$ cat run-v4.pdb   # PDB, C-alpha atoms and all ligand atoms
ATOM      1  CA  MET A   1      46.010  26.663 -11.114
ATOM      2  CA  SER A   2      42.455  26.611 -12.426
ATOM      3  CA  ASP A   3      39.465  26.313 -10.123
ATOM      4  CA  SER A   4      37.944  22.961  -9.242
ATOM      5  CA  LYS A   5      34.321  22.548 -10.303
ATOM      6  CA  PHE A   6      33.327  23.211  -6.677
ATOM      7  CA  LEU A   7      35.236  26.512  -6.551
ATOM      8  CA  ALA A   8      33.747  27.635  -9.875
ATOM      9  CA  LEU A   9      30.249  26.925  -8.522
ATOM     10  CA  LEU A  10      31.069  28.703  -5.258
ATOM     11  CA  ARG A  11      32.096  31.812  -7.220
ATOM     12  CA  ASP A  12      28.742  31.666  -9.077
ATOM     13  CA  GLN A  13      26.987  31.262  -5.743
ATOM     14  CA  ILE A  14      28.552  34.474  -4.411
ATOM     15  CA  ARG A  15      26.833  36.263  -7.316
ATOM     16  CA  SER A  16      23.515  34.485  -6.545
ATOM     17  CA  GLU A  17      23.662  35.502  -2.865
ATOM     18  CA  PHE A  18      24.430  39.143  -3.725
ATOM     19  CA  THR A  19      21.597  39.063  -6.289
ATOM     20  CA  ALA A  20      19.256  37.619  -3.637
ATOM     21  CA  SER A  21      20.304  40.420  -1.295
ATOM     22  CA  GLN A  22      19.598  43.080  -3.910
ATOM     23  CA  GLN A  23      16.275  41.407  -4.827
ATOM     24  CA  TYR A  24      15.166  41.427  -1.178
ATOM     25  CA  THR A  25      16.152  45.082  -0.920
ATOM     26  CA  ALA A  26      13.885  45.818  -3.913
ATOM     27  CA  VAL A  27      11.097  43.781  -2.307
ATOM     28  CA  ALA A  28      11.509  45.594   1.035
ATOM     29  CA  VAL A  29      11.381  49.011  -0.619
ATOM     30  CA  TRP A  30       8.251  48.043  -2.585
ATOM     31  CA  LEU A  31       6.555  46.850   0.621
ATOM     32  CA  ASP A  32       7.653  50.007   2.431
ATOM     33  CA  ASP A  33       6.059  52.069  -0.343
ATOM     34  CA  GLU A  34       2.870  50.011   0.068
ATOM     35  CA  ASP A  35       2.791  51.027   3.775
ATOM     36  CA  LEU A  36       3.491  47.528   5.103
ATOM     37  CA  PRO A  37       6.269  48.327   7.617
ATOM     38  CA  GLN A  38       6.454  44.920   9.331
ATOM     39  CA  LEU A  39       6.798  42.986   6.078
ATOM     40  CA  ALA A  40       9.249  45.587   4.771
ATOM     41  CA  ALA A  41      11.387  45.236   7.919
ATOM     42  CA  HIS A  42      11.382  41.458   7.471
ATOM     43  CA  PHE A  43      12.739  41.756   3.924
ATOM     44  CA  TYR A  44      15.250  44.508   4.792
ATOM     45  CA  ALA A  45      16.640  42.021   7.345
ATOM     46  CA  GLN A  46      16.595  39.159   4.796
ATOM     47  CA  ALA A  47      18.586  41.339   2.404
ATOM     48  CA  LEU A  48      21.332  41.692   5.018
ATOM     49  CA  GLU A  49      21.275  37.952   5.689
ATOM     50  CA  GLU A  50      21.838  37.198   2.004
ATOM     51  CA  ARG A  51      24.688  39.688   1.953
ATOM     52  CA  ASN A  52      26.182  37.829   4.944
ATOM     53  CA  HIS A  53      25.860  34.541   3.059
ATOM     54  CA  ALA A  54      27.810  36.013   0.132
ATOM     55  CA  MET A  55      30.508  37.445   2.392
ATOM     56  CA  SER A  56      30.900  34.187   4.349
ATOM     57  CA  MET A  57      31.631  32.490   1.012
ATOM     58  CA  VAL A  58      34.176  35.238   0.353
ATOM     59  CA  GLN A  59      35.683  34.502   3.794
ATOM     60  CA  TYR A  60      35.929  30.817   2.888
ATOM     61  CA  LEU A  61      37.910  31.703  -0.255
ATOM     62  CA  LEU A  62      40.199  33.970   1.812
ATOM     63  CA  ASP A  63      40.712  31.186   4.367
ATOM     64  CA  THR A  64      41.566  28.618   1.709
ATOM     65  CA  ASP A  65      44.003  30.897  -0.165
ATOM     66  CA  THR A  66      41.778  31.269  -3.218
ATOM     67  CA  ARG A  67      41.541  34.847  -4.446
ATOM     68  CA  PRO A  68      37.914  36.033  -4.129
ATOM     69  CA  VAL A  69      36.301  38.112  -6.879
ATOM     70  CA  ILE A  70      33.341  40.373  -6.074
ATOM     71  CA  PRO A  71      30.947  39.932  -8.988
ATOM     72  CA  GLY A  72      28.310  42.126 -10.604
ATOM     73  CA  ILE A  73      24.767  40.897 -10.100
ATOM     74  CA  ASP A  74      21.855  39.622 -12.162
ATOM     75  CA  ALA A  75      18.732  41.687 -12.975
ATOM     76  CA  VAL A  76      16.388  42.544 -10.108
ATOM     77  CA  VAL A  77      12.562  42.610 -10.291
ATOM     78  CA  ASN A  78      10.979  45.839  -9.015
ATOM     79  CA  ASP A  79       7.429  45.648 -10.403
ATOM     80  CA  PHE A  80       4.968  43.642  -8.354
ATOM     81  CA  GLY A  81       1.187  43.489  -8.563
ATOM     82  CA  THR A  82       0.355  42.149  -5.119
ATOM     83  CA  VAL A  83       1.963  41.078  -1.854
ATOM     84  CA  GLU A  84       1.335  37.487  -2.939
ATOM     85  CA  ASP A  85       3.461  38.071  -6.087
ATOM     86  CA  VAL A  86       6.272  39.318  -3.876
ATOM     87  CA  VAL A  87       6.252  36.327  -1.542
ATOM     88  CA  ARG A  88       5.878  33.911  -4.472
ATOM     89  CA  LEU A  89       9.002  35.381  -6.056
ATOM     90  CA  ALA A  90      10.878  35.136  -2.743
ATOM     91  CA  LEU A  91       9.880  31.479  -2.311
ATOM     92  CA  LYS A  92      10.936  30.694  -5.884
ATOM     93  CA  GLN A  93      14.291  32.360  -5.229
ATOM     94  CA  GLU A  94      14.847  30.351  -2.023
ATOM     95  CA  LYS A  95      13.974  27.077  -3.781
ATOM     96  CA  GLN A  96      16.436  27.901  -6.563
ATOM     97  CA  VAL A  97      19.172  28.635  -4.036
ATOM     98  CA  THR A  98      18.433  25.346  -2.262
ATOM     99  CA  GLU A  99      19.054  23.503  -5.537
ATOM    100  CA  GLN A 100      22.294  25.421  -6.068
ATOM    101  CA  ILE A 101      23.525  24.707  -2.522
ATOM    102  CA  THR A 102      22.661  21.022  -2.914
ATOM    103  CA  THR A 103      24.643  20.904  -6.168
ATOM    104  CA  LEU A 104      27.583  22.596  -4.417
ATOM    105  CA  ALA A 105      27.538  20.017  -1.584
ATOM    106  CA  ARG A 106      27.272  17.130  -4.060
ATOM    107  CA  THR A 107      30.100  18.493  -6.213
ATOM    108  CA  ALA A 108      32.413  18.928  -3.208
ATOM    109  CA  ARG A 109      31.708  15.332  -2.226
ATOM    110  CA  ASP A 110      32.255  14.030  -5.772
ATOM    111  CA  GLU A 111      35.597  15.865  -5.946
ATOM    112  CA  GLY A 112      36.718  14.571  -2.557
ATOM    113  CA  ASP A 113      36.823  18.165  -1.248
ATOM    114  CA  TYR A 114      36.063  17.518   2.433
ATOM    115  CA  LEU A 115      36.575  21.141   3.502
ATOM    116  CA  GLY A 116      34.179  22.356   0.827
ATOM    117  CA  GLU A 117      31.653  19.661   1.693
ATOM    118  CA  GLN A 118      31.755  20.600   5.355
ATOM    119  CA  PHE A 119      31.482  24.331   4.563
ATOM    120  CA  MET A 120      28.231  23.706   2.666
ATOM    121  CA  GLN A 121      26.544  21.845   5.546
ATOM    122  CA  TRP A 122      25.456  25.031   7.362
ATOM    123  CA  PHE A 123      23.958  26.425   4.133
ATOM    124  CA  LEU A 124      21.901  23.257   3.602
ATOM    125  CA  LYS A 125      20.383  23.655   7.067
ATOM    126  CA  GLU A 126      19.842  27.387   6.479
ATOM    127  CA  GLN A 127      17.973  26.696   3.210
ATOM    128  CA  VAL A 128      15.600  24.251   4.926
ATOM    129  CA  GLU A 129      14.691  27.068   7.351
ATOM    130  CA  GLU A 130      14.394  29.781   4.702
ATOM    131  CA  VAL A 131      12.184  27.719   2.376
ATOM    132  CA  ALA A 132       9.998  26.636   5.316
ATOM    133  CA  SER A 133       9.547  30.172   6.623
ATOM    134  CA  MET A 134       8.824  31.591   3.148
ATOM    135  CA  SER A 135       6.228  28.853   2.420
ATOM    136  CA  THR A 136       4.527  29.634   5.725
ATOM    137  CA  LEU A 137       4.478  33.319   4.833
ATOM    138  CA  LEU A 138       2.939  32.509   1.427
ATOM    139  CA  THR A 139       0.198  30.436   3.102
ATOM    140  CA  VAL A 140      -0.540  33.280   5.537
ATOM    141  CA  VAL A 141      -0.654  35.830   2.695
ATOM    142  CA  GLN A 142      -3.029  33.638   0.668
ATOM    143  CA  ARG A 143      -5.271  33.067   3.680
ATOM    144  CA  ALA A 144      -5.327  36.773   4.568
ATOM    145  CA  GLY A 145      -6.682  37.757   1.139
ATOM    146  CA  ASP A 146      -7.364  41.495   1.161
ATOM    147  CA  ASN A 147      -6.802  41.838   4.896
ATOM    148  CA  LEU A 148      -3.198  43.035   4.869
ATOM    149  CA  PHE A 149      -3.378  43.812   8.584
ATOM    150  CA  HIS A 150      -3.437  40.035   9.259
ATOM    151  CA  ILE A 151      -0.145  39.661   7.404
ATOM    152  CA  GLU A 152       1.473  42.573   9.262
ATOM    153  CA  ASP A 153       0.275  41.113  12.541
ATOM    154  CA  PHE A 154       1.651  37.651  11.710
ATOM    155  CA  VAL A 155       5.058  39.036  10.712
ATOM    156  CA  ALA A 156       5.252  41.149  13.890
ATOM    157  CA  ARG A 157       4.282  38.189  16.102
ATOM    158  CA  GLU A 158       6.053  35.260  14.444
ATOM    159  CA  LEU A 159       8.874  36.432  12.194
ATOM    160  CA  SER A 160      10.424  39.401  13.984
ATOM    161  CA  LYS A 161      12.053  37.475  16.833
ATOM    162  CA  GLY A 162      14.907  36.099  14.748
ATOM    163  CA  GLY A 163      17.341  38.692  16.149
ATOM    164  CA  ALA A 164      19.855  36.299  17.741
ATOM    165  CA  THR A 165      22.704  35.187  15.485
ATOM    166  CA  ASP A 166      23.104  31.469  14.934
ATOM    167  CA  PRO A 167      26.367  30.603  16.763
ATOM    168  CA  SER A 168      27.108  27.875  14.209
ATOM    169  CA  ALA A 169      26.996  30.370  11.295
ATOM    170  CA  PRO A 170      30.258  30.607   9.312
ATOM    171  CA  PRO A 171      32.486  33.710   9.737
ATOM    172  CA  VAL A 172      31.747  36.695   7.464
ATOM    173  CA  ALA A 173      34.490  38.706   5.711
ATOM    174  CA  GLY A 174      34.571  42.181   7.242
ATOM    175  CA  GLY A 175      32.085  41.155   9.936
ATOM    176  CA  ARG A 176      28.390  40.282   9.979
ATOM    177  CA  VAL A 177      25.886  43.074   9.263
TER     178      VAL A 177
HETATM  179 FE    FE A 201      21.332  32.872   1.015
HETATM  180 FE    FE A 202      17.894  32.965   1.479
END
$ encode --input "run-v4.pdb" --output "structure tokens"
Amino acid sequence: MSDSKFLALLRDQIRSEFTASQQYTAVAVWLDDEDLPQLAAHFYAQALEERNHAMSMVQYLLDTDTRPVIPGIDAVVNDFGTVEDVVRLALKQEKQVTEQITTLARTARDEGDYLGEQFMQWFLKEQVEEVASMSTLLTVVQRAGDNLFHIEDFVARELSKGGATDPSAPPVAGGRV
């Protein structure tokens, strides 16, 4: 049986989430090299979150008896001029993913796929949070100008306390990392 439109989009989304994970790894390493350990730690953690998103979509395919395929990924940017460039790219990526997740939810609804529609609800909520937190970070970076210590301080104070796992998060194939 061929995939529904929703399942085809979900397979594409697994690639987007793995690409996001790899992109955040590149960002974290760049920041680490620039001696910005707090910001680097934030993006190392984001990279794992994106990997969890991909693997929870894989779990959904396993649970619905649809054979998952682990895809290759798109190209990753490694050259950045400034910290602002980095955060701008991250915000652009999150906005793109929000559009993709919205399309997935709409498609599930249009196809009368209630399970798929319900599965996407958590991701919609997650995208609201990720776009909001990345826009805040961009504002802070722009305001800090050349004073990178301000940014490090903000990340350490405001962004590093997200350790607890959201109990409503969907299960992750192989376990959450
Ligand atoms: Fe994601
Ligand atoms: Fe994200």
$ closest_residue --input "run-v4.pdb" --among "A:Leu7, A:Val97, A:Leu62, A:Ala75" --to "ligand FE 201 (chain A)" --atoms "only C-alpha atoms and all ligand atoms"
A:Val97
$ resolve_selection --input "run-v4.pdb" --expression "the PyMOL selection byres (((chain A and resi 122) around 12) and not hetatm)" --output "mmCIF file with C-alpha atoms, in the frame of the given file"
data_model
loop_
_atom_site.group_PDB
_atom_site.id
_atom_site.type_symbol
_atom_site.label_atom_id
_atom_site.label_comp_id
_atom_site.auth_asym_id
_atom_site.auth_seq_id
_atom_site.Cartn_x
_atom_site.Cartn_y
_atom_site.Cartn_z
ATOM 1 C CA HIS A 53 25.860 34.541 3.059
ATOM 2 C CA SER A 56 30.900 34.187 4.349
ATOM 3 C CA MET A 57 31.631 32.490 1.012
ATOM 4 C CA THR A 98 18.433 25.346 -2.262
ATOM 5 C CA ILE A 101 23.525 24.707 -2.522
ATOM 6 C CA THR A 102 22.661 21.022 -2.914
ATOM 7 C CA ALA A 105 27.538 20.017 -1.584
ATOM 8 C CA GLY A 116 34.179 22.356 0.827
ATOM 9 C CA GLU A 117 31.653 19.661 1.693
ATOM 10 C CA GLN A 118 31.755 20.600 5.355
ATOM 11 C CA PHE A 119 31.482 24.331 4.563
ATOM 12 C CA MET A 120 28.231 23.706 2.666
ATOM 13 C CA GLN A 121 26.544 21.845 5.546
ATOM 14 C CA PHE A 123 23.958 26.425 4.133
ATOM 15 C CA LEU A 124 21.901 23.257 3.602
ATOM 16 C CA LYS A 125 20.383 23.655 7.067
ATOM 17 C CA GLU A 126 19.842 27.387 6.479
ATOM 18 C CA GLN A 127 17.973 26.696 3.210
ATOM 19 C CA VAL A 128 15.600 24.251 4.926
ATOM 20 C CA GLU A 129 14.691 27.068 7.351
ATOM 21 C CA ASP A 166 23.104 31.469 14.934
ATOM 22 C CA PRO A 167 26.367 30.603 16.763
ATOM 23 C CA SER A 168 27.108 27.875 14.209
ATOM 24 C CA ALA A 169 26.996 30.370 11.295
ATOM 25 C CA PRO A 170 30.258 30.607 9.312
ATOM 26 C CA PRO A 171 32.486 33.710 9.737
#
$ closest_residue --input "run-v4.pdb" --among "A:Ala156, A:Leu115, A:Val131, A:Val76" --to "ligand FE 201 (chain A)" --atoms "all atoms listed in the file"
A:Val131
$ residues_around --input "run-v4.pdb" --residues "Ser135 in chain A" --least-positions-apart "3" --cutoff "10 Å" --atoms "only C-alpha atoms" --output "short mmCIF file (atom, residue, chain, number, x, y, z; two decimals) with C-alpha atoms, in the frame of the given file"
data_model
loop_
_atom_site.label_atom_id
_atom_site.label_comp_id
_atom_site.auth_asym_id
_atom_site.auth_seq_id
_atom_site.Cartn_x
_atom_site.Cartn_y
_atom_site.Cartn_z
CA VAL A 87 6.25 36.33 -1.54
CA ARG A 88 5.88 33.91 -4.47
CA ALA A 90 10.88 35.14 -2.74
CA LEU A 91 9.88 31.48 -2.31
CA LYS A 92 10.94 30.69 -5.88
CA GLU A 94 14.85 30.35 -2.02
CA GLU A 129 14.69 27.07 7.35
CA GLU A 130 14.39 29.78 4.70
CA VAL A 131 12.18 27.72 2.38
CA ALA A 132 10.00 26.64 5.32
CA LEU A 138 2.94 32.51 1.43
CA THR A 139 0.20 30.44 3.10
CA VAL A 140 -0.54 33.28 5.54
CA VAL A 141 -0.65 35.83 2.70
#
$ closest_residue --input "run-v4.pdb" --among "A:Gln142, A:Thr103, A:Ser160, A:Thr136" --to "Lys5 in chain A" --atoms "all atoms listed in the file"
A:Thr103
$ closest_residue --input "run-v4.pdb" --among "A:Gln59, A:Gln100, A:Gln46, A:Ser4" --to "ligand FE 202 (chain A)" --atoms "only C-alpha atoms and all ligand atoms"
A:Gln46
$ atom_distance --input "run-v4.pdb" --atom1 "CA of Asp113 in chain A" --atom2 "CA of Thr64 in chain A"
11.9 Å
$ residues_around --input "run-v4.pdb" --residues "range 38-45 of chain A" --least-positions-apart "4" --cutoff "8 Å" --atoms "all atoms listed in the file" --output "short mmCIF file (atom, residue, chain, number, x, y, z; two decimals) with C-alpha atoms, in the coordinates of the input"
data_model
loop_
_atom_site.label_atom_id
_atom_site.label_comp_id
_atom_site.auth_asym_id
_atom_site.auth_seq_id
_atom_site.Cartn_x
_atom_site.Cartn_y
_atom_site.Cartn_z
CA TYR A 24 15.17 41.43 -1.18
CA THR A 25 16.15 45.08 -0.92
CA VAL A 27 11.10 43.78 -2.31
CA ALA A 28 11.51 45.59 1.03
CA VAL A 29 11.38 49.01 -0.62
CA TRP A 30 8.25 48.04 -2.58
CA LEU A 31 6.56 46.85 0.62
CA ASP A 32 7.65 50.01 2.43
CA GLU A 49 21.28 37.95 5.69
CA ILE A 151 -0.14 39.66 7.40
CA GLU A 152 1.47 42.57 9.26
CA ASP A 153 0.28 41.11 12.54
CA VAL A 155 5.06 39.04 10.71
CA ALA A 156 5.25 41.15 13.89
CA LEU A 159 8.87 36.43 12.19
CA SER A 160 10.42 39.40 13.98
#
$ closest_residue --input "run-v4.pdb" --among "A:Leu36, A:Ala54, A:Leu9, A:Ile73" --to "ligand FE 201 (chain A)" --atoms "only C-alpha atoms and all ligand atoms"
A:Ala54
$ residues_around --input "run-v4.pdb" --residues "Thr66 in chain A" --least-positions-apart "5" --cutoff "9 Å" --atoms "only C-alpha atoms" --output "PyMOL selection string"
chain A and resi 3+7+60-61
$ closest_residue --input "run-v4.pdb" --among "A:Ala8, A:Val83, A:Ile14, A:Ile70" --to "Asp33 in chain A" --atoms "all atoms listed in the file"
A:Val83
